[in-house]
>>> print(open('target.txt').read())   # compact mmCIF, C-alpha atoms
# COMPACT_ATOMS: atom_id res chain seq x y z
CA MET A 1 86.96 73.49 0.33
CA LYS A 2 83.37 73.59 1.60
CA LYS A 3 83.36 69.97 2.78
CA TRP A 4 86.59 70.56 4.69
CA ASN A 5 85.17 73.70 6.29
CA ILE A 6 82.22 71.66 7.54
CA PHE A 7 84.50 68.87 8.79
CA PHE A 8 86.90 71.21 10.57
CA GLY A 9 83.95 73.12 12.02
CA LEU A 10 82.45 69.94 13.46
CA ILE A 11 85.80 68.83 14.90
CA THR A 12 86.28 72.28 16.45
CA VAL A 13 82.86 72.07 18.10
CA LEU A 14 83.66 68.56 19.39
CA ILE A 15 87.06 69.65 20.74
CA VAL A 16 85.54 72.62 22.57
CA THR A 17 82.58 70.71 23.98
CA THR A 18 84.26 67.43 24.94
CA GLU A 19 87.83 68.51 25.76
CA VAL A 20 88.17 72.24 26.45
CA LEU A 21 84.93 73.17 28.22
CA PRO A 22 82.88 69.97 28.75
CA GLY A 23 81.67 71.12 32.16
CA ALA A 24 80.04 74.21 30.62
CA ILE A 25 77.47 72.10 28.79
CA GLY A 26 77.04 69.43 31.44
CA LEU A 27 79.43 66.83 30.09
CA PHE A 28 81.85 64.96 32.31
CA SER A 29 85.06 66.91 32.73
CA ILE A 30 88.48 65.90 33.89
CA THR A 31 91.45 68.24 33.59
CA GLN A 32 92.74 66.44 30.53
CA TRP A 33 93.40 69.72 28.68
CA GLY A 34 97.08 69.77 29.64
CA GLY A 35 96.26 68.63 33.15
CA MET A 36 98.31 65.46 33.40
CA TYR A 37 98.25 64.19 37.00
CA THR A 38 96.01 67.04 38.16
CA ASP A 39 93.19 64.62 38.73
CA GLY A 40 94.08 61.84 41.07
CA TRP A 41 93.97 58.11 41.44
CA CYS A 42 91.02 56.94 43.49
CA SER A 43 90.84 54.14 45.99
CA VAL A 44 88.29 52.95 48.50
CA PHE A 45 88.41 51.46 51.95
CA THR A 46 85.53 49.04 52.39
CA ARG A 47 83.93 47.11 55.19
CA SER A 48 81.99 43.95 54.46
CA ASN A 49 79.73 41.97 56.70
CA PRO A 50 78.57 38.39 56.34
CA VAL A 51 75.55 37.46 54.26
CA GLN A 52 73.65 34.80 56.13
CA ASP A 53 71.80 33.22 53.25
CA LEU A 54 74.86 32.03 51.35
CA GLY A 55 76.02 28.48 51.89
CA ARG A 56 79.49 29.06 53.29
CA PRO A 57 79.42 30.45 56.84
CA PRO A 58 81.80 33.40 57.37
CA THR A 59 84.50 32.96 59.98
CA THR A 60 84.66 36.55 61.28
CA GLU A 61 82.17 39.35 61.86
CA GLU A 62 83.62 41.92 59.47
CA VAL A 63 86.27 42.29 56.75
CA GLU A 64 88.09 45.54 55.93
CA GLU A 65 89.67 45.88 52.51
CA HIS A 66 91.34 48.45 50.30
CA PHE A 67 90.68 48.61 46.55
CA GLN A 68 92.80 50.79 44.30
CA ALA A 69 91.33 51.89 40.97
CA PRO A 70 91.52 50.35 38.46
CA THR A 71 90.63 46.86 39.57
CA THR A 72 90.44 45.69 35.97
CA ARG A 73 93.17 45.25 33.36
CA VAL A 74 94.28 48.64 31.98
CA VAL A 75 93.28 49.37 28.37
CA TRP A 76 94.85 52.84 27.91
CA SER A 77 96.35 54.33 31.07
CA ALA A 78 95.36 53.85 34.70
CA PRO A 79 92.12 55.89 34.87
CA MET A 80 92.30 59.27 36.60
CA HIS A 81 89.46 60.53 38.76
CA THR A 82 87.88 63.78 39.79
CA LEU A 83 86.41 64.07 43.26
CA GLU A 84 82.97 63.49 41.74
CA SER A 85 83.98 60.38 39.80
CA CYS A 86 85.87 59.02 42.83
CA PHE A 87 82.61 59.36 44.77
CA ALA A 88 80.77 57.54 41.94
CA TRP A 89 83.44 54.83 41.80
CA GLY A 90 83.15 54.38 45.57
CA GLN A 91 79.37 54.02 45.35
CA SER A 92 79.72 51.35 42.66
CA TRP A 93 81.12 49.04 45.37
CA CYS A 94 78.11 49.35 47.68
CA ASP A 95 76.14 46.14 48.24
CA LYS A 96 78.50 44.07 46.10
CA SER A 97 79.32 40.61 47.31
CA HIS A 98 82.78 40.26 45.90
CA ARG A 99 83.46 36.85 47.36
CA ASP A 100 81.28 34.17 48.81
CA GLY A 101 79.55 35.17 51.96
CA TRP A 102 80.59 38.82 52.19
CA ARG A 103 78.74 41.97 51.23
CA ILE A 104 80.24 45.47 51.17
CA TYR A 105 78.18 47.83 53.32
CA HIS A 106 80.60 50.66 54.08
CA VAL A 107 82.77 52.55 51.54
CA GLN A 108 85.14 55.39 52.28
CA PRO A 109 86.86 56.95 49.22
CA TYR A 110 90.48 58.07 49.40
CA TYR A 111 91.65 60.68 46.91
CA ARG A 112 94.84 62.73 46.51
CA GLN A 113 96.09 61.66 49.94
CA THR A 114 92.91 62.67 51.78
CA TYR A 115 89.52 61.29 52.76
CA PRO A 116 87.42 63.91 50.96
CA PHE A 117 84.13 62.81 52.55
CA ASP A 118 85.63 62.41 56.02
CA GLU A 119 84.12 59.49 57.87
CA GLN A 120 80.98 59.40 55.74
CA ASN A 121 79.85 56.13 54.26
CA VAL A 122 79.08 56.93 50.60
CA CYS A 123 76.65 53.98 50.56
CA ASP A 124 74.40 56.00 52.89
CA LEU A 125 74.32 58.97 50.51
CA PRO A 126 71.85 59.28 47.58
CA ARG A 127 72.80 56.89 44.78
CA LEU A 128 73.73 58.16 41.31
CA ASP A 129 71.25 57.10 38.68
CA PRO A 130 72.30 55.74 36.23
CA PRO A 131 75.43 54.47 37.97
CA TRP A 132 78.73 55.75 36.52
CA PHE A 133 80.60 52.54 37.17
CA ILE A 134 79.45 48.93 37.24
CA GLN A 135 81.57 46.46 39.19
CA ASN A 136 81.39 42.97 37.80
CA PHE A 137 80.37 41.28 41.02
CA ASN A 138 77.04 39.99 42.23
CA SER A 139 74.92 42.35 44.23
CA MET B 140 73.81 96.18 15.32
CA VAL B 141 75.97 93.82 17.39
CA TYR B 142 75.14 90.97 15.02
CA SER B 143 76.16 92.94 11.92
CA LYS B 144 79.40 94.06 13.60
CA LEU B 145 80.15 90.47 14.54
CA GLN B 146 79.40 89.38 10.99
CA GLN B 147 81.74 92.08 9.68
CA LEU B 148 84.47 91.04 12.11
CA ILE B 149 84.21 87.42 11.01
CA SER B 150 84.18 88.22 7.29
CA ASP B 151 87.21 90.52 7.73
CA ASN B 152 89.26 87.91 9.55
CA TRP B 153 87.93 84.55 8.48
CA HIS B 154 89.57 83.29 5.29
CA PRO B 155 89.73 79.48 5.16
CA GLU B 156 91.46 79.69 1.77
CA LYS B 157 94.27 81.63 3.46
CA GLY B 158 94.67 79.08 6.23
CA SER B 159 92.30 80.20 8.97
CA TRP B 160 91.85 76.59 10.12
CA VAL B 161 95.62 76.31 10.60
CA HIS B 162 95.28 79.20 13.00
CA VAL B 163 92.36 77.57 14.81
CA ALA B 164 94.55 74.48 15.31
CA ALA B 165 97.36 76.75 16.57
CA PHE B 166 94.91 78.33 19.02
CA PHE B 167 94.10 74.90 20.47
CA ALA B 168 97.75 73.79 20.53
CA GLY B 169 98.82 76.97 22.33
CA LEU B 170 95.92 76.66 24.74
CA PHE B 171 96.94 73.08 25.53
CA PHE B 172 100.46 74.11 26.56
CA MET B 173 99.06 77.02 28.58
CA GLY B 174 96.77 74.51 30.30
CA ALA B 175 99.74 72.22 30.99
CA ALA B 176 101.59 75.13 32.63
CA THR B 177 98.69 76.38 34.73
CA PHE B 178 97.95 72.92 36.10
CA LYS B 179 101.62 72.61 37.05
CA ILE B 180 101.25 75.83 39.07
CA TYR B 181 98.33 74.19 40.89
CA ASN B 182 100.09 70.84 41.41
CA TYR B 183 103.56 72.09 42.36
CA PHE B 184 102.91 75.44 44.07
CA ILE B 185 99.28 75.92 45.16
CA LEU B 186 98.24 72.46 46.35
CA GLY B 187 101.87 71.33 46.46
CA ASP B 188 101.18 67.61 46.91
CA GLN B 189 103.25 66.82 43.80
CA SER B 190 106.79 67.80 42.90
CA LEU B 191 108.94 67.82 39.80
CA ALA B 192 111.68 66.05 41.76
CA GLY B 193 109.14 63.36 42.68
CA HIS B 194 108.23 62.84 39.02
CA PHE B 195 111.92 62.74 38.10
CA GLN B 196 112.51 60.13 40.81
CA TYR B 197 109.64 57.97 39.54
CA TRP B 198 111.06 58.05 36.01
CA LEU B 199 114.56 57.26 37.34
CA ASP B 200 113.27 54.40 39.51
CA SER B 201 111.42 53.01 36.48
CA GLY B 202 114.67 53.08 34.49
CA TRP B 203 113.15 55.12 31.65
CA PRO B 204 115.82 57.77 30.86
CA PRO B 205 119.06 56.87 29.05
CA GLU B 206 121.97 56.67 31.49
CA TRP B 207 123.57 59.95 30.38
CA TYR B 208 120.29 61.82 30.77
CA ALA B 209 119.65 60.25 34.19
CA HIS B 210 122.75 62.17 35.38
CA VAL B 211 121.23 65.42 34.09
CA MET B 212 117.97 64.71 35.92
CA ARG B 213 119.77 63.91 39.18
CA PHE B 214 121.74 67.14 38.85
CA PHE B 215 118.54 69.22 38.63
CA GLN B 216 116.58 67.38 41.36
CA PRO B 217 117.82 69.54 44.28
CA TYR B 218 116.67 72.70 42.46
CA GLU B 219 113.12 71.50 41.92
CA LYS B 220 111.21 74.73 42.65
CA PRO B 221 113.28 76.99 40.33
CA VAL B 222 113.27 74.26 37.66
CA ALA B 223 109.51 73.80 38.01
CA ALA B 224 109.01 77.59 37.74
CA MET B 225 111.21 77.64 34.64
CA VAL B 226 109.27 74.78 33.02
CA ILE B 227 105.99 76.58 33.74
CA LEU B 228 107.26 79.82 32.17
CA MET B 229 108.67 77.91 29.19
CA GLN B 230 105.24 76.40 28.54
CA ILE B 231 102.87 79.24 29.35
CA ILE B 232 104.66 82.02 27.42
CA PRO B 233 105.27 80.11 24.16
CA GLY B 234 101.80 78.57 24.52
CA PHE B 235 100.35 82.08 24.49
CA MET B 236 102.59 83.04 21.55
CA ILE B 237 101.41 80.05 19.49
CA MET B 238 97.81 80.69 20.46
CA THR B 239 98.03 84.27 19.22
CA ASN B 240 100.26 83.44 16.19
CA THR B 241 103.07 85.66 17.49
CA LYS B 242 106.70 84.69 16.73
CA THR B 243 105.67 81.06 16.56
CA ARG B 244 109.13 79.82 15.51
CA ILE B 245 110.72 81.20 18.68
CA ALA B 246 107.79 79.83 20.70
CA GLY B 247 108.24 76.39 19.09
CA LEU B 248 111.94 76.43 19.90
CA ILE B 249 111.36 77.32 23.57
CA LEU B 250 108.69 74.63 23.91
CA PHE B 251 110.89 72.10 22.14
CA THR B 252 113.63 72.72 24.74
CA VAL B 253 111.20 71.61 27.47
CA GLN B 254 109.35 68.82 25.68
CA ILE B 255 112.46 67.08 24.34
CA GLN B 256 113.67 66.79 27.94
CA VAL B 257 110.42 65.14 28.98
CA PHE B 258 110.82 62.87 25.96
CA LEU B 259 114.33 61.88 27.11
CA GLY B 260 113.17 61.46 30.71
CA VAL B 261 110.68 58.75 29.68
CA PHE B 262 112.63 57.55 26.66
CA LYS B 263 112.42 53.80 27.33
CA HIS B 264 108.64 53.69 27.69
CA THR B 265 106.88 53.23 24.36
CA ASN B 266 103.56 54.68 25.58
CA PHE B 267 105.35 57.89 26.56
CA ASN B 268 107.36 57.86 23.30
CA GLU B 269 104.04 58.01 21.54
CA PHE B 270 102.28 60.84 23.30
CA VAL B 271 105.25 62.91 24.48
CA GLY B 272 106.40 62.44 20.88
CA CYS B 273 103.14 64.13 19.81
CA SER B 274 104.04 67.24 21.82
CA VAL B 275 107.59 67.22 20.37
CA TRP B 276 106.11 66.96 16.87
CA ILE B 277 103.86 69.98 17.54
CA CYS B 278 106.96 71.96 18.67
CA LEU B 279 108.85 70.93 15.54
CA PHE B 280 105.88 71.97 13.41
CA TYR B 281 105.99 75.51 14.79
CA ILE B 282 109.80 75.62 14.46
CA PHE B 283 109.54 74.72 10.77
CA LYS B 284 106.49 76.85 10.05
CA PRO B 285 107.22 80.44 8.99
CA GLN B 286 104.90 83.23 10.08
CA ASN B 287 103.38 83.13 6.61
CA ARG B 288 102.07 79.57 6.32
CA ALA B 289 102.30 79.53 2.54
CA ASP B 290 106.09 79.87 2.75
CA MET B 291 106.63 76.59 4.58
CA SER B 292 109.28 74.48 2.89
CA ARG B 293 107.70 71.45 1.22
CA GLN B 294 110.77 69.41 2.19
CA ALA B 295 110.28 70.32 5.85
CA TRP B 296 106.63 69.32 5.54
CA LYS B 297 107.66 65.94 4.09
CA ILE B 298 109.88 65.33 7.13
CA LEU B 299 106.96 66.23 9.43
CA ILE B 300 104.65 63.91 7.47
CA PHE B 301 107.12 61.08 7.98
CA LEU B 302 107.47 61.82 11.71
CA PHE B 303 103.68 61.91 12.03
CA PHE B 304 103.55 58.54 10.29
CA LEU B 305 106.18 57.17 12.72
CA LEU B 306 104.18 58.35 15.75
CA ASN B 307 101.09 56.62 14.39
CA CYS B 308 103.18 53.47 13.88
CA ILE B 309 104.20 53.60 17.57
CA LEU B 310 100.55 54.01 18.54
CA VAL B 311 99.56 51.00 16.44
CA TYR B 312 102.44 49.04 18.00
CA ASN B 313 101.36 50.04 21.52
CA ARG B 314 97.76 49.08 20.80
CA HIS B 315 99.09 45.77 19.50
CA ASN B 316 100.69 45.28 22.94
CA TYR B 317 97.25 45.84 24.50
CA GLN B 318 95.94 43.13 22.12
CA ASP B 319 93.53 45.39 20.27
CA HIS B 320 94.00 43.16 17.24
CA LEU B 321 92.74 40.04 19.01
CA LEU B 322 89.15 39.05 19.76
CA LEU B 323 90.11 37.90 23.25
CA SER B 324 90.88 41.51 24.25
CA TYR B 325 87.26 42.48 23.79
CA THR B 326 86.11 40.98 27.09
CA TYR B 327 88.68 42.69 29.30
CA GLN B 328 88.32 46.02 27.49
CA ARG B 329 84.54 45.99 27.94
CA GLU B 330 85.00 45.00 31.58
CA GLN B 331 87.26 47.99 32.21
CA LEU B 332 84.88 50.31 30.37
CA ALA B 333 82.07 49.25 32.71
CA ALA B 334 83.98 49.19 35.98
CA ASP B 335 86.60 51.95 35.80
CA ILE B 336 86.05 54.25 32.83
CA MET B 337 83.90 57.33 32.47
CA GLY B 338 83.20 58.89 29.08
CA SER B 339 81.96 62.34 28.10
CA SER B 340 78.56 61.48 29.52
CA VAL B 341 77.22 58.60 31.55
CA TYR B 342 74.41 58.15 28.99
CA TRP B 343 76.96 57.90 26.17
CA LYS B 344 78.87 55.31 28.20
CA HIS B 345 75.73 53.26 28.81
CA PHE B 346 74.87 53.49 25.10
CA VAL B 347 78.33 52.14 24.20
CA LEU B 348 77.95 49.35 26.77
CA TRP B 349 74.55 48.55 25.32
CA ILE B 350 75.69 48.29 21.69
CA THR B 351 78.74 46.28 22.69
CA GLN B 352 76.39 43.48 23.74
CA TRP B 353 75.54 42.81 20.10
CA SER B 354 77.11 39.64 18.79
CA TRP B 355 78.96 41.23 15.86
CA MET B 356 80.46 44.10 17.86
CA PRO B 357 83.64 42.24 18.94
CA TYR B 358 84.50 41.80 15.25
CA PHE B 359 83.84 45.48 14.59
CA PHE B 360 86.01 46.63 17.49
CA VAL B 361 88.86 44.31 16.57
CA SER B 362 88.65 45.47 12.95
CA LEU B 363 89.32 49.02 14.15
CA TRP B 364 92.94 48.11 14.87
CA TYR B 365 93.40 46.84 11.31
CA ILE B 366 91.62 49.93 9.94
CA ARG B 367 93.95 52.14 11.99
CA LEU B 368 96.95 50.22 10.65
CA THR B 369 95.73 50.74 7.06
CA LEU B 370 95.05 54.44 7.65
CA THR B 371 98.55 54.82 9.09
CA ALA B 372 100.06 53.27 5.97
CA LEU B 373 97.94 55.59 3.81
CA LEU B 374 99.59 58.60 5.49
CA LEU B 375 102.53 58.05 3.15
CA THR B 376 100.36 58.26 0.06
CA ARG B 377 98.50 61.05 -1.69
CA TRP B 378 95.33 60.04 0.20
CA ARG B 379 96.92 61.13 3.46
CA GLN B 380 94.45 63.92 4.17
CA TYR B 381 91.51 61.49 4.05
CA ALA B 382 93.45 58.97 6.15
CA ALA B 383 94.29 61.68 8.71
CA ALA B 384 90.65 62.84 8.75
CA ALA B 385 89.48 59.28 9.48
CA LEU B 386 92.15 58.91 12.18
CA LEU B 387 91.04 62.20 13.71
CA VAL B 388 87.47 60.89 13.96
CA THR B 389 88.75 57.76 15.74
CA TYR B 390 90.80 59.87 18.19
CA VAL B 391 87.90 62.18 19.05
CA THR B 392 85.56 59.19 19.47
CA ASN B 393 88.18 57.50 21.61
CA ILE B 394 88.27 60.44 24.02
CA THR B 395 84.50 60.63 24.33
CA ILE B 396 84.40 56.94 25.32
CA TRP B 397 87.64 56.48 27.31
CA MET B 398 87.96 59.98 28.74
CA ASN B 399 89.52 59.29 32.15
CA GLY B 400 91.62 56.47 30.68
CA THR B 401 93.23 58.44 27.85
CA THR B 402 93.43 61.87 29.60
CA SER B 403 96.06 64.20 28.08
CA GLN B 404 97.36 61.42 25.84
CA GLY B 405 94.03 61.34 24.00
CA VAL B 406 93.94 65.13 23.74
CA LEU B 407 97.45 65.26 22.28
CA TRP B 408 96.45 62.79 19.57
CA VAL B 409 93.50 64.98 18.64
CA MET B 410 95.73 68.08 18.72
CA ILE B 411 98.54 66.71 16.58
CA THR B 412 96.14 65.27 14.00
CA PHE B 413 94.14 68.50 13.82
CA VAL B 414 97.34 70.54 13.39
CA PHE B 415 98.58 68.07 10.76
CA LEU B 416 95.33 67.88 8.83
CA THR B 417 94.58 71.60 8.70
CA HIS B 418 98.09 72.28 7.41
CA GLU B 419 98.01 69.42 4.92
CA GLN B 420 94.68 70.64 3.59
CA HIS B 421 96.04 74.18 3.32
CA ILE B 422 99.18 73.03 1.47
CA ARG B 423 96.98 71.09 -0.93
CA TYR B 424 94.82 74.13 -1.51
CA LEU B 425 97.93 76.21 -2.30
CA ASP B 426 99.29 73.49 -4.60
CA ARG B 427 95.93 72.75 -6.22
CA ASP B 428 97.13 73.74 -9.70
CA LYS B 429 100.24 71.57 -9.59
CA PRO B 430 99.95 68.23 -11.47
CA ARG B 431 99.24 65.26 -9.21
CA ARG B 432 101.63 62.34 -9.16
CA THR B 433 100.25 58.84 -9.40
CA ILE B 434 100.97 56.19 -6.77
CA THR B 435 103.34 54.49 -9.28
CA GLN B 436 105.30 57.70 -9.69
CA GLN B 437 105.45 58.14 -5.93
CA CYS B 438 106.76 54.56 -5.52
CA LYS B 439 109.41 55.17 -8.19
CA ASP B 440 110.48 58.39 -6.48
CA PHE B 441 110.68 56.61 -3.15
CA TYR B 442 112.75 53.80 -4.74
CA ARG B 443 115.15 56.36 -6.24
CA PHE B 444 115.38 58.11 -2.86
CA VAL B 445 116.29 54.82 -1.12
CA VAL B 446 118.87 53.93 -3.83
CA THR B 447 120.46 57.38 -3.48
CA LEU B 448 120.63 56.94 0.30
CA GLY B 449 122.23 53.51 -0.18
CA LYS B 450 124.88 54.89 -2.53
CA GLU B 451 125.67 57.73 -0.14
CA ALA B 452 126.04 55.27 2.72
>>> encode(input="target.txt", output="structure tokens")
Amino acid sequence: MKKWNIFFGLITVLIVTTEVLPGAIGLFSITQWGGMYTDGWCSVFTRSNPVQDLGRPPTTEEVEEHFQAPTTRVVWSAPMHTLESCFAWGQSWCDKSHRDGWRIYHVQPYYRQTYPFDEQNVCDLPRLDPPWFIQNFNS
Amino acid sequence: MVYSKLQQLISDNWHPEKGSWVHVAAFFAGLFFMGAATFKIYNYFILGDQSLAGHFQYWLDSGWPPEWYAHVMRFFQPYEKPVAAMVILMQIIPGFMIMTNTKTRIAGLILFTVQIQVFLGVFKHTNFNEFVGCSVWICLFYIFKPQNRADMSRQAWKILIFLFFLLNCILVYNRHNYQDHLLLSYTYQREQLAADIMGSSVYWKHFVLWITQWSWMPYFFVSLWYIRLTLTALLLTRWRQYAAAALLVTYVTNITIWMNGTTSQGVLWVMITFVFLTHEQHIRYLDRDKPRRTITQQCKDFYRFVVTLGKEA
């Protein structure tokens, strides 16, 4: 009985700290405790400008693109985002050259049908350290 | 003074041998359904950028409900606000009842009425079968469970064990579809973890990314699928409580790593396994003096059960 009391006690602590009230002790928190679809899907509108030192010369001055999270193959479900994690996901695109000759310099997150940071470029705001998300492109 | 009163309160009410952990699990399960209801209030009524009719339409467009149930959904679509309010009430009230261990059978029945309709609405999607099935199982558990836990029919518990086993089989099948059992899946899973997933803490995520660089880690991660398959099979044996405990550890770990990818699905797996395990452990404690059957005896009993079924058919 004692070993099970210890096990159930540890699981209870883990459930409370990681699922019920993670925000209370500084852990990342999404509204997963019954909150299906309460957090939203995140996407970003980006602007890229040409990088001069790469071999292939760009044909236009600027490229505007829209990336919807996730950009990788889904492992469980399409990841949900809080406003905070959408900001972090947006920042992970800054300074990435996702194809030859183009570097993203302007990122505007879009979340739950709004632009939560208005016209602000999240690349100009203080960077999260360590980064929450790492896009697999060259920077 | 306060400490001694608290100590007295705990010693008066805390009796693990009488099933206190079953009640802790009930507290979490009830709280989950209350959470589900309150977030629906926010989504449908306060912020109002989502609607029940919209969700119904998405399920219909995806072709998930059986044809006969699609008619039922279309019938209710024009009444979305009253239906949404009804769903919220039918989750928040029984959720509170389960949380406080009050008339849990009635609460289970009310919740079952709601959850089985969600289950039918997404019937042809195996991912939803799995985790909406978890919520249906929790409802069934509270329908079968009398107020006094010790009085639960052992036959009813066997049915619930089998249903729990089936749900785990669906999970293993779904993970098979995501190629968890193949080494080639390791690359894309690690890529998504880095680029799109956030765990309980960014430091925990970076730690996981760091250890997954080691050369033997792909083999370890792939082996987890086979371990999960084995543990699922063991749920039908007398080692089921240890198998369920190991599965529970994998589900909790899974949430801490893949938090925004598993969301409520991950939580429901933790919930159902915690409810299952605490009750199984309690039943075993109550039956501790009964003679244990060997695996051979269990196989013989199962064979006789199948033969009897065959004859009846």
>>> interface_residues(input="target.txt", of="chain A", to="chain B", cutoff="6 Å", atoms="only C-alpha atoms", output="PyMOL selection string")
chain A and resi 27-28+32-36+70+72+76-77+79-80+132-135
>>> write_last_selection(input="target.txt", atoms="C-alpha atoms", output="PDB file, in the frame of the given file")
ATOM      1  CA  LEU A  27      79.430  66.830  30.090  1.00  0.00           C
ATOM      2  CA  PHE A  28      81.850  64.960  32.310  1.00  0.00           C
ATOM      3  CA  GLN A  32      92.740  66.440  30.530  1.00  0.00           C
ATOM      4  CA  TRP A  33      93.400  69.720  28.680  1.00  0.00           C
ATOM      5  CA  GLY A  34      97.080  69.770  29.640  1.00  0.00           C
ATOM      6  CA  GLY A  35      96.260  68.630  33.150  1.00  0.00           C
ATOM      7  CA  MET A  36      98.310  65.460  33.400  1.00  0.00           C
ATOM      8  CA  PRO A  70      91.520  50.350  38.460  1.00  0.00           C
ATOM      9  CA  THR A  72      90.440  45.690  35.970  1.00  0.00           C
ATOM     10  CA  TRP A  76      94.850  52.840  27.910  1.00  0.00           C
ATOM     11  CA  SER A  77      96.350  54.330  31.070  1.00  0.00           C
ATOM     12  CA  PRO A  79      92.120  55.890  34.870  1.00  0.00           C
ATOM     13  CA  MET A  80      92.300  59.270  36.600  1.00  0.00           C
ATOM     14  CA  TRP A 132      78.730  55.750  36.520  1.00  0.00           C
ATOM     15  CA  PHE A 133      80.600  52.540  37.170  1.00  0.00           C
ATOM     16  CA  ILE A 134      79.450  48.930  37.240  1.00  0.00           C
ATOM     17  CA  GLN A 135      81.570  46.460  39.190  1.00  0.00           C
TER      18      GLN A 135
END
>>> residues_near_point(input="target.txt", point="(104.8, 79.1, 30.1)", cutoff="9 Å", atoms="all atoms listed in the file", output="VMD selection string")
chain B and resid 172 to 173 175 to 177 224 to 235 250
>>> residues_around(input="target.txt", residues="Ala88 in chain A", least_positions_apart="3", cutoff="9 Å", atoms="only C-alpha atoms", output="list in words")
Leu83, Glu84, Ser85, Gln91, Ser92, Val122, Arg127, Leu128, Pro131, Trp132 and Phe133 of chain A
>>> write_last_selection(input="target.txt", atoms="C-alpha atoms", output="PDB file, keeping the file's coordinate frame")
ATOM      1  CA  LEU A  83      86.410  64.070  43.260  1.00  0.00           C
ATOM      2  CA  GLU A  84      82.970  63.490  41.740  1.00  0.00           C
ATOM      3  CA  SER A  85      83.980  60.380  39.800  1.00  0.00           C
ATOM      4  CA  GLN A  91      79.370  54.020  45.350  1.00  0.00           C
ATOM      5  CA  SER A  92      79.720  51.350  42.660  1.00  0.00           C
ATOM      6  CA  VAL A 122      79.080  56.930  50.600  1.00  0.00           C
ATOM      7  CA  ARG A 127      72.800  56.890  44.780  1.00  0.00           C
ATOM      8  CA  LEU A 128      73.730  58.160  41.310  1.00  0.00           C
ATOM      9  CA  PRO A 131      75.430  54.470  37.970  1.00  0.00           C
ATOM     10  CA  TRP A 132      78.730  55.750  36.520  1.00  0.00           C
ATOM     11  CA  PHE A 133      80.600  52.540  37.170  1.00  0.00           C
TER      12      PHE A 133
END
>>> residues_around(input="target.txt", residues="Asp290 in chain B", least_positions_apart="5", cutoff="10 Å", atoms="all atoms listed in the file", output="list of chain:residue names")
B:Lys284, B:Pro285, B:Ile422
>>> residues_around(input="target.txt", residues="Trp102 in chain A", least_positions_apart="5", cutoff="7 Å", atoms="all atoms listed in the file", output="list in words")
Ser48, Asn49, Pro50, Val51 and Ser97 of chain A
>>> write_last_selection(input="target.txt", atoms="C-alpha atoms", output="short mmCIF file (atom, residue, chain, number, x, y, z; two decimals), in the frame of the given file")
data_model
loop_
_atom_site.label_atom_id
_atom_site.label_comp_id
_atom_site.auth_asym_id
_atom_site.auth_seq_id
_atom_site.Cartn_x
_atom_site.Cartn_y
_atom_site.Cartn_z
CA SER A 48 81.99 43.95 54.46
CA ASN A 49 79.73 41.97 56.70
CA PRO A 50 78.57 38.39 56.34
CA VAL A 51 75.55 37.46 54.26
CA SER A 97 79.32 40.61 47.31
#
>>> residues_around(input="target.txt", residues="Cys42 in chain A", least_positions_apart="4", cutoff="6 Å", atoms="all atoms listed in the file", output="ChimeraX atom specification")
/A:69,86,111
>>> atom_distance(input="target.txt", atom1="CA of Leu191 in chain B", atom2="CA of Leu310 in chain B")
26.7 Å
>>> residues_around(input="target.txt", residues="Arg379 in chain B", least_positions_apart="6", cutoff="10 Å", atoms="all atoms listed in the file", output="count of residues only")
10
>>> atom_distance(input="target.txt", atom1="CA of Thr71 in chain A", atom2="CA of Asn136 in chain A")
10.2 Å
>>> atom_distance(input="target.txt", atom1="CA of Arg244 in chain B", atom2="CA of Phe283 in chain B")
7.0 Å
>>> decode(input="target.txt", residues="range 18-29 of chain A", atoms="C-alpha atoms", output="compact mmCIF listing (two decimals), in the first residue's frame")
# COMPACT_ATOMS: atom_id res chain seq x y z
CA THR A 18 1.86 20.36 -15.22
CA GLU A 19 -1.82 20.18 -16.18
CA VAL A 20 -4.13 21.93 -13.69
CA LEU A 21 -2.11 24.92 -12.51
CA PRO A 22 1.18 25.02 -14.46
CA GLY A 23 1.13 28.81 -14.67
CA ALA A 24 1.15 29.09 -10.86
CA ILE A 25 4.67 27.69 -10.64
CA GLY A 26 6.01 29.25 -13.82
CA LEU A 27 5.52 26.34 -16.18
CA PHE A 28 4.11 26.79 -19.67
CA SER A 29 0.34 26.69 -19.60
